[in-house]
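Report on the structure given below.
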Amino acid sequence: MSSVKLRAIHKSYGSVEVIKGVDLDIRSKEFVVFVGPSGCGKSTLLRMIAGLEQITSGNLEIGGKRMNDVDPSKRGIAMVFQSYALYPHMTVRENMGFALRFAGVAKDQIARQVSDAARILALEPLLDRLPKELSGGQRQRVAIGRAIVRNPEVFLFDEPLSNLDAELRVHMRIEIARLHKELQTTIVYVTHDQVEAMTLADTIVVLRDGIIEQVGRPLDLYDDPANQFVAGFIGSPRMNFLAATIVEKSGGALTVELQNHKNCRLVLPLTGGAIGDAVIMGVRPEHFGLPGMGNADIALDVDVAEHLGSTSYVYASADGESLVIEREESRQEERSDRITVSVSAEKIYLFDSAGQRLR
Amino acid sequence: MSNIYAITTRSAQYVGLSIAAFVSVFPFIWMLLGATNTSPDIIRGKISPGGALVENVMKFAAQVDLPRVMFNSLFIAGVGAILTLIVASLAGYGFEMFRSRVRERIFGVLLLMLSIPFAALMIPLFIMMANFKLINTYQAVILPTVASIFIIFYFRQATKAFPRELRDAARIDGLKEWQIFLHVYMPVMRSTYAAAMIIAFMASWNNYLWPLIVLQTNDMFTLTLAVAALNAGYTPDFGVIMVGAIVATLPTLIIFFLLQRRFVEGMLGAVK
């Protein structure tokens with residue numbers, strides 16, 4: 001299996017630059033997920049690896065060979081598309097063997113490879129059907145099967161589960177994880193669904209506006225985000241951000257005061273920033289505690305409470321600042337109009353006004 | 001009250017539609033009935049079946065070299081439609097699939113050319129054909145119809161519904177651009193081809209003015225010209241003309257019924 005190396009990759013459409021210098025090393029057999037909001041360039045980057053988009057400048061290597069100008073079919077990649085992209089006039093069998101037919105592979109060899117892939121994905125009963133006779137999940141399995149048949153060095157997935165319903169998405173997610181384990185190939189996977197990213201990835205690459213914001217293992221990104229964007233993007237519901245000011249700095253600690261809760265001061269074991277700086281305090285929804293249990297209490301007006309059984313999400317606000325609070329046990333108290341929660345210094349992330357993490 | 005209003009509206013709709021249907025169908029019925037009547041009966045306005053069908057058919061067969069004109073018409077319309085489809089679908093695919101700064105400008109100029117009446121192009125076209133020494137040949141009739149701007153426009157619009165990811169998938173599968181066109185685009189767009197085939201075939205089959213100008217000998221005449229020639233005498237036999245009209249209508253009807261389902265799909269822009 002192959003590694004993928006991107007060096008100073010740029011992509012421009014006329015004067016519009018969509019990828020602004022991406023450097024990334026993807027190890028052999030690694031499952032890498034590109035995540036980011038719409039328009040961040042994640043699909044463009046994947047398409048450049050596939051050879052479907054020209055690289056404006058920079059260097060792309062797959063398996064140690066420069067691939068910038070190599071034909072997509074000769075890069076050792078296979079791609080699974082969001083809309084499946086199955087040839088509608090061909091049966092499942094013909095779809096899966098199509099690339100091999102054009103590569104001049106012998107008929108019996110094609111039949112063997114197609115049946116091997118069909119067995120892995122339990123597609124045998126569907127081989128003689130047309131794509132229009134399949135359900136969404138089956139079509140996606142055929143699309144994956146078509147990729148497997150090519151025996152690629154690198155699998156590329158472009159939001160493959162976005163067209164499926166919630167239940168099928170979970171099922172296919174598990175299927176893809178199983179396949180990665182079984183096939184031991186390098187996978188580059190694009191999604192905007194962070195649950196997919198967190199559950200599937202060995203490494204997550206968070207992109208914004210054509211640049212990489214952070215690369216790391218899923219829980220590393222969750223626990224130790226480099227900036228406010230990553231902190232807000234990874235985690236569901238997203239991290240809460242509260243405006244604050246540094247009011248004191250001494251002996252390796254900062255004291256911050258929340259702008260909308262003047263009586264709420266917290267001493268944080270951080271050294272960055274200066275007195276008087278406006279900062280942003282990040283707290284994950286599950287890190288709010290019961291009143292009196294943390295270092296400071298905040299009183300909020302409850303807007304909406306969602307009770308999901310084992311968990312409740314309370315949407316509350318104070319002076320126009322909205323927060324989400326996750327509660328695991330109490331079902332009753334969130335039905336009141338007011339709620340008091342506590343925050344603990346060790347569970348707080350602090351960002352400067354530019355969104356960079358203060359440590 | 002509202003019930004009476006609904007019934008009245010519905011009745012008015014049916015009356016209106018019935019009149020429209022009658023106006024559409026009447027010439028066709030008249031053609032069928034006329035073929036069974038003698039010319040004086042038709043002139044008198046008789047619109048009931050008569051007993052002159054066999055006589056009219058015999059006269060038609062005697063006056064028109066049917067196998068020859070039928071072959072001419074079928075050849076010109078068939079080859080013309082196939083060439084039109086090849087050129088127009090390649091152009092439509094190219095216009096839609098390939099990004100270029102001048103793409104829309106060129107397409108705009110093409111569409112603008114739709115507004116130029118054929119009468120304005122007729123003389124330059126004739127001079128061109130004369131210079132190419134193509135007068136009184138099949139090529140002279142076929143060539144000007146091959147680059148049909150309307151069919152190019154139709155293919156470009158239909159290509160908008162062609163999933164781009166299919167092209168991407170085919171590129172990854174190792175197909176060259178012409179192979180993508182041949183093995184993916186053409187089969188996927190077969191309804192569009194069927195609809196365009198009918199349009200192009202009918203346009204060529206019914207073409208009268210241009211063949212009249214460039215075809216000069218009887219052995220090159222198309223069916224349309226041959227039927228029109230029946231009208232040229234001092235005392236045209238309308239019964240025979242009606243038989244000719246039926247014969248001229250049949251091939252397009254057959255093609256339409258054969259491709260009807262695909263035609264409807266094509267007009268709706270269906271890509272399945």
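Ordering of the structure tokens sets the chain letters (A, B, ...); residue numbers start at 1 within each chain; ligands are numbered from 1 in the order shown.
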
Quiz item: as number ranges by chain, which residues of stretch 186-352 of chain A does DSSP assign to helix (DSSP H, G or I)?
Solution: A: 194-200, 218-223, 228-233, 285-287, 333-335, 345-347

Quiz item: Hey, what's within 10 Å of A:Gln109 if we count only C-alpha atoms and toss same-chain stuff fewer than 5 positions away? As a ChimeraX atom specification, please?
Solution: /A:97,100-101,114-115

Save the residues we just selected, N, CA and C atoms, as a PDB file, in the first residue's frame?
ATOM      1  N   GLY A  97     -16.739  -4.456 -13.340  1.00  0.00           N
ATOM      2  CA  GLY A  97     -15.637  -4.916 -14.180  1.00  0.00           C
ATOM      3  C   GLY A  97     -15.217  -3.925 -15.252  1.00  0.00           C
ATOM      4  N   LEU A 100     -11.548  -2.731 -15.453  1.00  0.00           N
ATOM      5  CA  LEU A 100     -10.639  -3.826 -15.813  1.00  0.00           C
ATOM      6  C   LEU A 100     -10.751  -4.140 -17.304  1.00  0.00           C
ATOM      7  N   ARG A 101     -11.990  -4.047 -17.821  1.00  0.00           N
ATOM      8  CA  ARG A 101     -12.210  -4.302 -19.247  1.00  0.00           C
ATOM      9  C   ARG A 101     -11.386  -3.315 -20.077  1.00  0.00           C
ATOM     10  N   VAL A 114     -14.246  -9.567  -9.818  1.00  0.00           N
ATOM     11  CA  VAL A 114     -15.596  -9.053  -9.508  1.00  0.00           C
ATOM     12  C   VAL A 114     -16.255  -9.939  -8.458  1.00  0.00           C
ATOM     13  N   SER A 115     -16.116 -11.233  -8.619  1.00  0.00           N
ATOM     14  CA  SER A 115     -16.792 -12.113  -7.649  1.00  0.00           C
ATOM     15  C   SER A 115     -16.112 -12.036  -6.278  1.00  0.00           C
TER      16      SER A 115
END

Practice problem: Find the distance between atom CA of A:Asp220 and atom CA of A:Val190 and write it in Å to one decimal. | Solution: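 The value is 19.1 Å.
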
Quiz item: Mind listing as a PyMOL selection string which residues of chain B are within 8 Å of chain A, counting only C-alpha atoms?
Solution: chain B and resi 163+165-166+168-175+184+187-188+272

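We find atom CA of B:Gln216 and atom CA of B:Ala228 to be spaced 14.0 Å apart.
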
Quiz item: With distances taken over only C-alpha atoms, which of A:Arg327, A:Arg112, A:His10, A:Lys29 is nearest to A:Ser312?
Solution: A:Arg327

Quiz item: Quick one: residues within 9 Å of B:Ala77, only C-alpha atoms counted, chain neighbours fewer than 4 positions away excluded, as a ChimeraX atom specification?
Solution: /B:72-73,81-82,142,200-206
